[in-house]
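Undergrad: Data: data_30.txt, compact mmCIF, C-alpha atoms.
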# COMPACT_ATOMS: atom_id res chain seq x y z
CA MET A 1 41.08 160.52 -10.08
CA SER A 2 41.43 162.37 -6.82
CA GLN A 3 43.34 160.57 -4.09
CA ILE A 4 44.50 161.70 -0.67
CA ALA A 5 47.93 160.34 0.20
CA ARG A 6 49.78 161.19 3.39
CA THR A 7 52.52 158.57 3.50
CA PRO A 8 55.08 157.28 0.99
CA LYS A 9 53.23 153.95 0.91
CA GLN A 10 49.95 155.68 0.07
CA VAL A 11 51.62 157.74 -2.69
CA GLY A 12 53.13 154.58 -4.13
CA ALA A 13 49.84 152.69 -4.02
CA ALA A 14 48.00 155.54 -5.75
CA ILE A 15 50.62 155.71 -8.51
CA GLN A 16 50.58 151.94 -8.95
CA ARG A 17 46.78 151.90 -9.19
CA TYR A 18 46.77 154.63 -11.83
CA ARG A 19 49.65 153.05 -13.80
CA LYS A 20 47.71 149.79 -13.99
CA LYS A 21 44.53 151.67 -14.96
CA CYS A 22 46.53 153.11 -17.87
CA GLY A 23 47.57 149.60 -18.90
CA LEU A 24 51.27 150.23 -18.29
CA THR A 25 53.83 147.92 -16.73
CA GLN A 26 56.59 149.27 -14.54
CA SER A 27 58.96 148.71 -17.45
CA ASN A 28 56.69 150.67 -19.82
CA LEU A 29 56.60 153.54 -17.36
CA GLY A 30 60.36 153.32 -16.96
CA GLU A 31 60.79 153.71 -20.71
CA LYS A 32 58.53 156.77 -20.75
CA THR A 33 60.41 158.40 -17.89
CA LYS A 34 63.93 157.12 -18.67
CA LEU A 35 63.97 155.64 -15.15
CA ARG A 36 64.88 152.10 -14.20
CA GLN A 37 62.06 149.66 -13.48
CA ALA A 38 63.59 149.21 -10.01
CA THR A 39 63.06 152.93 -9.33
CA ILE A 40 59.39 152.64 -10.29
CA SER A 41 59.08 149.57 -8.07
CA ALA A 42 60.71 151.34 -5.10
CA LEU A 43 58.35 154.30 -5.41
CA GLU A 44 55.27 152.09 -5.68
CA ALA A 45 56.41 150.09 -2.64
CA GLY A 46 56.55 153.32 -0.64
CA ARG A 47 60.27 153.13 -0.02
CA THR A 48 61.81 156.37 1.11
CA GLY A 49 64.78 157.79 -0.73
CA VAL A 50 63.10 158.17 -4.12
CA GLN A 51 64.13 161.55 -5.50
CA LEU A 52 61.49 164.22 -5.82
CA GLY A 53 62.47 164.77 -9.46
CA ASN A 54 61.80 161.11 -10.20
CA LEU A 55 58.38 161.33 -8.57
CA LEU A 56 57.53 164.37 -10.68
CA ASP A 57 58.77 162.64 -13.84
CA ILE A 58 56.49 159.68 -13.09
CA LEU A 59 53.50 161.94 -12.42
CA THR A 60 54.15 163.76 -15.71
CA ALA A 61 54.38 160.49 -17.65
CA LEU A 62 51.03 159.40 -16.17
CA ASP A 63 49.50 162.84 -16.91
CA LEU A 64 48.99 163.48 -13.18
CA GLU A 65 49.86 166.48 -11.04
CA LEU A 66 50.73 167.12 -7.42
CA ILE A 67 48.49 169.55 -5.58
CA ILE A 68 49.53 171.04 -2.24
CA GLN A 69 46.63 172.01 0.00
CA PRO A 70 45.73 172.12 3.68
CA ARG A 71 45.06 168.72 5.22
CA SER A 72 41.47 167.57 5.14
CA LYS A 73 39.82 166.72 8.41
CA GLY A 74 39.02 163.15 7.32
CA PHE A 75 39.80 160.36 9.73
CA VAL A 76 42.96 158.38 9.10
CA SER A 77 40.87 155.19 8.99
CA GLU A 78 38.81 156.64 6.12
CA ILE A 79 41.95 157.45 4.16
CA GLU A 80 43.51 154.05 4.88
CA ALA A 81 40.31 152.34 3.72
CA SER A 82 40.81 153.74 0.23
CA PHE A 83 44.03 151.74 -0.06
Render the structure in this file as structure tokens.

TA:
Amino acid sequence: MSQIARTPKQVGAAIQRYRKKCGLTQSNLGEKTKLRQATISALEAGRTGVQLGNLLDILTALDLELIIQPRSKGFVSEIEASF
């Protein structure tokens, strides 16, 4: 899975999509990460204020990684269409 995400909402949607693909509920993911279900929900909803450490814990639990690279030249509408 390779997904471009430029906003908190897009990050949350990508994580939610992958969590569901893995057959996990928010509560299941919370158990794996020792985070509250409400924290998982807030991240997936794109709410700001979620701690970076929590995001990284969630990515680890889903066997995902964060890659930092220069922005692609794709149109915003193309990126939005994937959500």

Undergrad: Tell me, counting all atoms listed in the file, for each residue of stretch 25-47 of chain A within 10 Å of stretch 62-72 of chain A, which pair of atoms is nearest and how far apart they are in Å to one decimal, in rows ordered by chain and increasing number, as a Markdown table.

TA:
| residue | atom | partner | partner_atom | distance |
| --- | --- | --- | --- | --- |
| A:Leu29 | CA | A:Leu62 | CA | 8.2 |
| A:Lys32 | CA | A:Leu62 | CA | 9.2 |
| A:Thr33 | CA | A:Leu62 | CA | 9.6 |

Undergrad: Could you tell me how far atom CA of A:Arg6 lies from atom CA of A:Glu31, in Å and to one decimal?

TA: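 Between atom CA of A:Arg6 and atom CA of A:Glu31 the gap is 27.5 Å.
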
Undergrad: Tell me which of A:Arg36, A:Ala42, A:Thr25, A:Gly30 sits closest to A:Ala13, counting all atoms listed in the file.

TA: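 Selected residue with least distance to A:Ala13: A:Ala42.
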
Undergrad: Find, counting all atoms listed in the file, the residue in A:Asn28, A:Gly23, A:Glu44, A:Leu35 that gets nearest to A:Pro8.

TA: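 For A:Pro8, the nearest of the candidates is A:Glu44.
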
Undergrad: Which residue is closest to A:Gln37? Choose from A:Arg17, A:Ala5, A:Cys22, A:Asn54 and count all atoms listed in the file.

TA: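 Nearest candidate to A:Gln37 out of A:Arg17, A:Ala5, A:Cys22, A:Asn54: A:Asn54.
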
Undergrad: Have a look at A:Val11, A:Leu56, A:Ile4, A:Val50 and name the one nearest to A:Ala38; count all atoms listed in the file.

TA: A:Val50

Undergrad: Kindly give the distance, in Å, that separates atom CA of A:Leu43 and atom CA of A:Gly12, rounded to a single decimal.

TA: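 Pair atom CA of A:Leu43 / atom CA of A:Gly12 returns 5.4 Å.
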
Undergrad: Just to confirm, what's the straight-line distance from atom CA of A:Arg47 to atom CA of A:Gln26 in Å (one decimal)?

TA: 15.5 Å

Undergrad: Step by step, gather every atom of stretch 18-31 of chain A that the file lists, find the box along x, y and z that holds them, add 3 Å on each side, and finally give centre and edge lengths in Å to one decimal, as lines of an AutoDock Vina configuration file.

TA:
center_x = 52.7
center_y = 151.3
center_z = -16.3
size_x = 22.3
size_y = 12.7
size_z = 14.9
